[in-house]
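Note: the block below is data_31.csv and it holds CSV, C-alpha atoms.
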chain,number,residue,atom,x,y,z
A,1,MET,CA,-0.2,-58.3,46.6
A,2,ARG,CA,2.3,-60.7,45.2
A,3,TRP,CA,5.9,-59.3,45.5
A,4,GLN,CA,8.3,-61.5,47.4
A,5,GLY,CA,9.6,-63.3,44.3
A,6,GLY,CA,10.2,-60.0,42.5
A,7,ARG,CA,13.6,-58.8,41.4
A,8,ARG,CA,15.7,-56.8,43.9
A,9,GLY,CA,17.8,-54.1,42.4
A,10,GLY,CA,19.9,-53.7,45.6
A,11,GLY,CA,20.2,-50.0,45.2
A,12,ILE,CA,18.4,-48.9,48.4
A,13,GLU,CA,20.3,-46.5,50.6
A,14,ASP,CA,19.3,-47.2,54.2
A,15,ARG,CA,19.9,-44.3,56.6
A,16,ARG,CA,17.6,-45.7,59.3
A,17,GLY,CA,19.1,-45.6,62.7
A,18,MET,CA,21.5,-42.9,61.8
A,19,GLY,CA,19.6,-40.1,63.5
A,20,GLY,CA,18.0,-37.1,62.0
A,21,GLY,CA,21.0,-35.3,60.8
A,22,ALA,CA,21.3,-31.6,61.3
A,23,MET,CA,21.2,-28.3,59.5
A,24,ALA,CA,24.4,-26.2,59.5
A,25,GLY,CA,24.1,-22.5,60.2
A,26,GLY,CA,20.8,-22.7,62.1
A,27,GLY,CA,18.7,-23.1,58.9
A,28,ILE,CA,16.6,-26.0,59.8
A,29,GLY,CA,13.4,-24.0,60.2
A,30,VAL,CA,13.7,-22.4,56.8
A,31,ALA,CA,14.3,-25.8,55.1
A,32,ILE,CA,11.4,-27.4,56.8
A,33,LEU,CA,9.2,-24.5,55.7
A,34,GLY,CA,10.4,-25.3,52.2
A,35,LEU,CA,9.2,-28.8,52.4
A,36,ILE,CA,5.9,-27.7,53.9
A,37,GLY,CA,5.6,-25.5,50.9
A,38,TYR,CA,5.9,-28.5,48.7
A,39,PHE,CA,3.5,-30.8,50.5
A,40,VAL,CA,0.9,-28.2,51.4
A,41,PHE,CA,1.2,-25.5,48.8
A,42,GLY,CA,2.7,-27.5,45.9
A,43,ILE,CA,6.0,-25.5,45.7
A,44,ASP,CA,8.7,-27.6,44.1
A,45,PRO,CA,11.3,-28.6,46.8
A,46,GLN,CA,14.1,-27.6,44.4
A,47,THR,CA,13.3,-24.0,45.1
A,48,THR,CA,14.5,-24.6,48.7
A,49,THR,CA,18.0,-25.5,47.5
A,50,GLN,CA,19.2,-21.9,47.3
A,51,VAL,CA,17.8,-21.0,50.7
A,52,ALA,CA,19.4,-24.1,52.3
A,53,SER,CA,22.8,-23.4,50.6
A,54,SER,CA,22.7,-19.8,51.8
A,55,LEU,CA,22.3,-21.0,55.3
A,56,GLY,CA,25.1,-23.6,55.1
A,57,GLY,CA,23.0,-26.5,53.7
A,58,ALA,CA,21.9,-29.8,55.3
A,59,THR,CA,24.5,-32.1,56.8
A,60,GLN,CA,24.8,-34.9,54.2
A,61,GLN,CA,24.4,-38.5,55.4
A,62,GLN,CA,25.5,-41.7,53.6
A,63,GLY,CA,23.8,-45.0,54.6
A,64,GLU,CA,24.5,-48.5,53.5
A,65,VAL,CA,23.5,-49.2,49.9
A,66,GLY,CA,22.1,-52.6,48.9
A,67,THR,CA,19.0,-54.7,49.8
A,68,PRO,CA,17.9,-54.1,53.4
A,69,GLU,CA,17.6,-57.2,55.5
A,70,ASP,CA,14.1,-56.5,57.0
A,71,GLN,CA,10.9,-57.3,55.1
A,72,ALA,CA,9.8,-53.7,54.9
A,73,GLY,CA,13.0,-52.6,53.3
A,74,GLN,CA,13.0,-55.6,50.9
A,75,PHE,CA,9.4,-54.6,49.9
A,76,VAL,CA,10.7,-51.1,48.9
A,77,ASP,CA,13.5,-52.6,46.9
A,78,VAL,CA,11.3,-55.0,45.0
A,79,ILE,CA,8.6,-52.5,44.3
A,80,GLY,CA,11.0,-49.7,43.4
A,81,THR,CA,12.9,-52.0,41.1
A,82,ASN,CA,9.7,-53.2,39.4
A,83,VAL,CA,8.4,-49.7,38.9
A,84,SER,CA,11.7,-48.7,37.2
A,85,ASP,CA,11.6,-51.9,35.1
A,86,VAL,CA,8.2,-50.8,33.8
A,87,TRP,CA,9.5,-47.3,33.0
A,88,THR,CA,12.6,-48.7,31.4
A,89,GLN,CA,10.4,-50.4,28.8
A,90,ALA,CA,7.9,-47.5,28.5
A,91,MET,CA,10.4,-44.5,28.3
A,92,PRO,CA,13.5,-44.3,26.2
A,93,GLY,CA,16.5,-43.1,28.2
A,94,TYR,CA,14.8,-43.7,31.5
A,95,ARG,CA,17.2,-43.7,34.5
A,96,ALA,CA,16.1,-45.1,37.8
A,97,PRO,CA,16.0,-42.7,40.8
A,98,ASN,CA,17.9,-43.2,44.0
A,99,ILE,CA,15.7,-44.4,46.9
A,100,VAL,CA,16.6,-43.5,50.5
A,101,LEU,CA,15.0,-45.0,53.7
A,102,TYR,CA,15.4,-42.8,56.7
A,103,GLU,CA,13.8,-42.0,60.1
A,104,GLN,CA,12.6,-38.7,61.4
A,105,GLY,CA,14.7,-36.5,59.2
A,106,THR,CA,17.6,-36.5,56.8
A,107,GLY,CA,19.7,-34.1,54.6
A,108,THR,CA,18.7,-33.8,50.9
A,109,GLN,CA,19.8,-31.5,48.1
A,110,CYS,CA,16.3,-29.9,48.5
A,111,GLY,CA,16.9,-29.0,52.1
A,112,TYR,CA,16.2,-30.9,55.3
A,113,GLY,CA,13.6,-33.7,54.8
A,114,GLN,CA,11.3,-34.6,57.7
A,115,ALA,CA,9.1,-37.6,58.1
A,116,ALA,CA,6.2,-35.4,59.1
A,117,MET,CA,6.1,-34.2,55.5
A,118,GLY,CA,5.4,-37.8,54.2
A,119,PRO,CA,7.2,-39.5,51.3
A,120,PHE,CA,8.7,-37.1,48.8
A,121,TYR,CA,10.9,-36.8,45.7
A,122,CYS,CA,13.7,-34.3,45.4
A,123,PRO,CA,14.4,-33.4,41.8
A,124,ALA,CA,17.8,-31.8,42.7
A,125,ASP,CA,19.3,-35.2,43.6
A,126,GLN,CA,16.7,-37.3,41.8
A,127,THR,CA,16.0,-39.3,44.9
A,128,VAL,CA,12.8,-40.7,46.5
A,129,TYR,CA,12.9,-40.3,50.3
A,130,LEU,CA,10.8,-42.7,52.5
A,131,ASP,CA,10.2,-42.9,56.2
A,132,LEU,CA,8.4,-46.1,56.5
A,133,GLY,CA,6.4,-44.9,59.5
A,134,PHE,CA,4.2,-43.3,56.9
A,135,TRP,CA,2.5,-46.6,56.3
A,136,ARG,CA,1.0,-46.4,59.8
A,137,GLN,CA,-0.3,-42.9,59.0
A,138,LEU,CA,-1.9,-44.3,55.9
A,139,GLN,CA,-3.8,-46.8,58.0
A,140,GLU,CA,-5.0,-44.1,60.3
A,141,LEU,CA,-6.2,-42.1,57.3
A,142,GLY,CA,-8.2,-45.1,56.1
A,143,GLY,CA,-5.7,-46.4,53.5
A,144,GLY,CA,-2.9,-48.9,53.9
A,145,GLY,CA,-1.9,-52.4,52.8
A,146,ASP,CA,0.8,-53.7,50.5
A,147,PHE,CA,-0.7,-52.3,47.3
A,148,ALA,CA,-1.4,-49.0,48.9
A,149,GLN,CA,2.2,-48.7,49.9
A,150,ALA,CA,3.3,-49.7,46.4
A,151,TYR,CA,1.1,-47.0,45.0
A,152,VAL,CA,2.8,-44.4,47.1
A,153,ILE,CA,6.2,-45.6,45.9
A,154,ALA,CA,5.1,-45.6,42.3
A,155,HIS,CA,3.6,-42.1,42.7
A,156,GLU,CA,6.9,-40.7,43.9
A,157,ILE,CA,8.8,-42.4,41.1
A,158,GLY,CA,6.2,-40.9,38.8
A,159,HIS,CA,7.6,-37.5,39.9
A,160,HIS,CA,11.0,-38.7,38.8
A,161,VAL,CA,9.6,-39.6,35.4
A,162,GLN,CA,8.2,-36.0,35.3
A,163,THR,CA,11.6,-34.7,36.0
A,164,LEU,CA,13.0,-36.7,33.1
A,165,ASN,CA,10.3,-35.9,30.6
A,166,GLY,CA,10.1,-32.2,31.4
A,167,ALA,CA,6.7,-32.1,33.0
A,168,SER,CA,8.1,-30.9,36.3
A,169,GLY,CA,10.0,-28.1,34.6
A,170,ARG,CA,6.9,-27.0,32.7
A,171,THR,CA,4.9,-26.9,35.9
A,172,ARG,CA,7.5,-24.8,37.6
A,173,GLN,CA,7.4,-22.4,34.7
A,174,ALA,CA,3.6,-22.3,34.8
A,175,GLN,CA,3.6,-21.6,38.5
A,176,GLN,CA,6.1,-18.7,38.0
A,177,ASN,CA,3.9,-17.2,35.3
A,178,ALA,CA,0.6,-17.7,37.2
A,179,SER,CA,-1.5,-14.7,37.8
A,180,SER,CA,-2.8,-16.0,41.1
A,181,GLN,CA,-2.0,-18.6,43.8
A,182,GLY,CA,-5.1,-20.6,42.7
A,183,GLU,CA,-3.7,-20.8,39.1
A,184,ALA,CA,-0.3,-21.9,40.5
A,185,ASN,CA,-2.0,-24.5,42.6
A,186,ALA,CA,-4.0,-25.8,39.6
A,187,ALA,CA,-0.6,-26.5,37.9
A,188,SER,CA,0.5,-28.5,41.0
A,189,VAL,CA,-2.7,-30.5,41.0
A,190,ALA,CA,-2.2,-31.4,37.3
A,191,LEU,CA,1.3,-32.7,38.1
A,192,GLU,CA,0.2,-34.7,41.1
A,193,LEU,CA,-2.7,-36.3,39.3
A,194,GLN,CA,-0.4,-37.3,36.5
A,195,ALA,CA,1.8,-39.0,39.0
A,196,ASP,CA,-1.2,-40.9,40.3
A,197,CYS,CA,-2.0,-41.9,36.7
A,198,TYR,CA,1.6,-43.1,36.3
A,199,ALA,CA,1.2,-45.2,39.4
A,200,GLY,CA,-1.7,-46.8,37.7
A,201,VAL,CA,0.3,-47.4,34.6
A,202,TRP,CA,2.9,-49.2,36.7
A,203,ALA,CA,0.3,-51.4,38.4
A,204,ALA,CA,-1.1,-52.4,35.0
A,205,ASN,CA,2.3,-53.5,33.7
A,206,ALA,CA,3.9,-54.9,36.9
A,207,ALA,CA,3.1,-58.5,36.3
A,208,ALA,CA,4.2,-58.4,32.6
A,209,VAL,CA,7.7,-57.1,33.3
A,210,SER,CA,8.3,-59.4,36.3
A,211,GLY,CA,7.0,-62.7,34.8
A,212,GLY,CA,4.1,-62.5,37.3
A,213,GLN,CA,6.4,-62.3,40.4
A,214,VAL,CA,5.0,-58.8,41.2
A,215,ALA,CA,1.3,-58.6,40.6
A,216,LEU,CA,-2.0,-57.4,42.0
A,217,GLU,CA,-4.3,-59.8,43.7
A,218,SER,CA,-8.0,-59.7,44.4
A,219,GLY,CA,-8.9,-56.6,46.3
A,220,ASP,CA,-5.6,-54.8,45.7
A,221,LEU,CA,-7.0,-52.2,43.3
A,222,GLU,CA,-9.8,-51.3,45.6
A,223,GLU,CA,-7.2,-50.9,48.4
A,224,GLY,CA,-5.3,-48.5,46.2
A,225,MET,CA,-8.5,-46.5,45.4
A,226,ASN,CA,-9.4,-46.3,49.1
A,227,THR,CA,-5.9,-44.9,49.8
A,228,ALA,CA,-6.2,-42.4,46.9
A,229,ALA,CA,-9.5,-41.2,48.3
A,230,ALA,CA,-8.1,-40.9,51.8
A,231,ILE,CA,-5.3,-38.6,50.7
A,232,GLY,CA,-7.3,-36.2,48.6
A,233,ASP,CA,-7.0,-32.6,49.5
A,234,ASP,CA,-10.7,-32.4,50.4
A,235,ALA,CA,-10.5,-35.5,52.6
A,236,LEU,CA,-7.3,-34.3,54.4
A,237,THR,CA,-8.8,-30.9,55.1
A,238,GLY,CA,-12.2,-32.2,56.1
A,239,GLY,CA,-13.8,-30.2,53.4
A,240,ARG,CA,-12.8,-26.9,55.1
A,241,ALA,CA,-10.4,-25.7,52.5
A,242,SER,CA,-11.4,-24.0,49.2
A,243,PRO,CA,-10.7,-25.9,45.9
A,244,GLU,CA,-8.4,-23.0,44.9
A,245,SER,CA,-6.0,-24.0,47.7
A,246,PHE,CA,-5.8,-27.7,46.6
A,247,THR,CA,-2.4,-28.8,45.5
A,248,HIS,CA,-2.8,-32.6,45.0
A,249,GLY,CA,-6.4,-33.0,43.8
A,250,THR,CA,-9.7,-34.1,45.4
A,251,SER,CA,-10.3,-37.7,46.4
A,252,ASP,CA,-12.5,-38.2,43.3
A,253,GLN,CA,-9.8,-36.9,41.0
A,254,ARG,CA,-7.0,-39.0,42.6
A,255,VAL,CA,-9.2,-42.1,42.3
A,256,ALA,CA,-10.1,-41.3,38.7
A,257,TRP,CA,-6.6,-40.8,37.5
A,258,LEU,CA,-5.2,-43.8,39.3
A,259,ARG,CA,-7.9,-45.9,37.7
A,260,ARG,CA,-7.3,-44.3,34.3
A,261,GLY,CA,-3.6,-45.2,34.4
A,262,TYR,CA,-4.5,-48.8,35.4
A,263,GLN,CA,-7.2,-49.3,32.9
A,264,SER,CA,-5.1,-48.0,30.0
A,265,GLY,CA,-1.6,-49.2,31.0
A,266,ASP,CA,-0.3,-46.4,28.8
A,267,PRO,CA,1.5,-43.2,29.9
A,268,ALA,CA,0.0,-41.3,27.0
A,269,ALA,CA,-3.4,-41.6,28.7
A,270,CYS,CA,-2.0,-39.5,31.6
A,271,ALA,CA,-2.4,-36.1,29.9
A,272,THR,CA,-3.6,-34.1,32.9
A,273,GLY,CA,-2.2,-30.9,31.4
A,274,ALA,CA,1.1,-31.1,33.4
Can you dump the structure from the file as structure tokens?
Amino acid sequence: MRWQGGRRGGGIEDRRGMGGGAMAGGGIGVAILGLIGYFVFGIDPQTTTQVASSLGGATQQQGEVGTPEDQAGQFVDVIGTNVSDVWTQAMPGYRAPNIVLYEQGTGTQCGYGQAAMGPFYCPADQTVYLDLGFWRQLQELGGGGDFAQAYVIAHEIGHHVQTLNGASGRTRQAQQNASSQGEANAASVALELQADCYAGVWAANAAAVSGGQVALESGDLEEGMNTAAAIGDDALTGGRASPESFTHGTSDQRVAWLRRGYQSGDPAACATGA
């Protein structure tokens, strides 16, 4: 993937090397369970805020803000900036999210974030949190590569778009009104597949907004499809879990919606029901 000549926004907050932070009041276990609820069961992490607050909250950290000096950090800056440049053109009133790099764990307004939970977006502070060790996990799962990493970043920023356009709020309401856990999970799947589609929309428009400085190269799209397939609910559970328990979508669904976003280049094509 071509990216090194892309624009750098310089807004990356780098907390790497600061340690994992701590939870005041002994509430770390509850906050971690809240994040597990998000990644495993599709529960919005904003619902953990009240729990974390009642237990004293997470110790807030503040890293250096700018463009990181290392190549991995620069990649996140360029891709995050490019994704937001695409959405600035596509969505009136768009505001870029914050992006935080951390290691092992860090405080967020959605509770205590842990690297074991993977990349995540916290709607309470409108921030994407990335522990770059996740890239190694992607490779172990059968994904990985520059575009695969960019797809993950674009997916998380897609959740920010959903916060701004109201899709996240509608999903929370649908989950609260659901008559069963399966119905609530289906709402989560719709939200996640839409974020995959939004990642495809970004990929289709990346070159146009950057004058070709950020662009897919031969084999990149296939790399992204392989990654989408590797992180489908059925793949991650080895086919042991029932579809009613899925929260992010099957491998086939994730591949299909990423492809749909890329082929259309239009957010309006991402109507998953979210």
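Closest approach to A:Tyr151 among A:Met225, A:Ala208, A:Leu130, A:Ala72 is made by A:Met225 (distances from all atoms listed in the file).
The two atoms in question, atom CA of A:Ser242 and atom CA of A:Gln139, are spaced 25.6 Å apart.
Reported to one decimal place, the separation of atom CA of A:Gly93 from atom CA of A:Ala186 is 29.1 Å.
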Within 10 Å of stretch 176-181 of chain A, counting all atoms listed in the file, which residues show up once you throw out same-chain ones fewer than 4 positions away? Write them as a VMD selection string, please. chain A and resid 41 170 to 172 185 to 187 244 to 245
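For the pair atom CA of A:Thr247 and atom CA of A:Val189, the separation is 4.8 Å.
With distances taken over all atoms listed in the file, A:Leu221 is the one residue among A:Leu164, A:Leu221, A:Val209, A:Ala174 lying closest to A:Leu258.
In terms of minimum interatomic distance to A:Leu141, A:Asn226 ranks closest within A:Thr163, A:Asn226, A:Gln89, A:Ser218, counting only C-alpha atoms.
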Between A:Tyr129, A:Tyr112, A:Trp257, A:Tyr262, which one has atoms that come closest to A:Asp220, using all atoms listed in the file? A:Tyr262
Do a neighbour search on A:Leu101 at 8 Å with all atoms listed in the file, toss out local chain neighbours closer than 2 positions, and write the hits as a PyMOL selection string. chain A and resi 12-16+73+99+103+129-132
Store the residues of this selection in a file with C-alpha atoms, as a PDB file, in the coordinates of the input.
ATOM      1  CA  ILE A  12      18.400 -48.900  48.400  1.00  0.00           C
ATOM      2  CA  GLU A  13      20.300 -46.500  50.600  1.00  0.00           C
ATOM      3  CA  ASP A  14      19.300 -47.200  54.200  1.00  0.00           C
ATOM      4  CA  ARG A  15      19.900 -44.300  56.600  1.00  0.00           C
ATOM      5  CA  ARG A  16      17.600 -45.700  59.300  1.00  0.00           C
ATOM      6  CA  GLY A  73      13.000 -52.600  53.300  1.00  0.00           C
ATOM      7  CA  ILE A  99      15.700 -44.400  46.900  1.00  0.00           C
ATOM      8  CA  GLU A 103      13.800 -42.000  60.100  1.00  0.00           C
ATOM      9  CA  TYR A 129      12.900 -40.300  50.300  1.00  0.00           C
ATOM     10  CA  LEU A 130      10.800 -42.700  52.500  1.00  0.00           C
ATOM     11  CA  ASP A 131      10.200 -42.900  56.200  1.00  0.00           C
ATOM     12  CA  LEU A 132       8.400 -46.100  56.500  1.00  0.00           C
TER      13      LEU A 132
END
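Counting only C-alpha atoms, the residue from A:Leu191, A:Val161, A:Ala241, A:Ala215 that sits nearest to A:Gln126 is A:Val161.
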Write out as JSON, numbers by chain each polymer residue whose atoms come within 7 Å of A:Trp3, counting only C-alpha atoms; drop sequence neighbours fewer than 5 positions from it. {"A": [78, 213, 214, 215]}
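In terms of minimum interatomic distance to A:Leu216, A:Asp146 ranks closest within A:Glu140, A:Glu64, A:Glu69, A:Asp146, counting all atoms listed in the file.
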Closest atom pairs, stretch 129-152 of chain A residues within 7 Å of stretch 227-234 of chain A, all atoms listed in the file, as a Markdown table:
| residue | atom | partner | partner_atom | distance |
| --- | --- | --- | --- | --- |
| A:Leu141 | CA | A:Ala230 | CA | 5.9 |
| A:Gly142 | CA | A:Ala230 | CA | 6.0 |
| A:Gly143 | CA | A:Thr227 | CA | 4.0 |
| A:Gly144 | CA | A:Thr227 | CA | 6.5 |
| A:Ala148 | CA | A:Thr227 | CA | 6.2 |
Written selection (C-alpha atoms) as a CSV table (one decimal), in the coordinates of the input:
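Result file part_3.csv:
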chain,number,residue,atom,x,y,z
A,141,LEU,CA,-6.2,-42.1,57.3
A,142,GLY,CA,-8.2,-45.1,56.1
A,143,GLY,CA,-5.7,-46.4,53.5
A,144,GLY,CA,-2.9,-48.9,53.9
A,148,ALA,CA,-1.4,-49.0,48.9
If we count all atoms listed in the file and set the cut-off at 7 Å, which residues sit around A:Gly80, ignoring sequence neighbours fewer than 4 positions away in its own chain? Please answer as a PyMOL selection string. chain A and resi 76+84+153
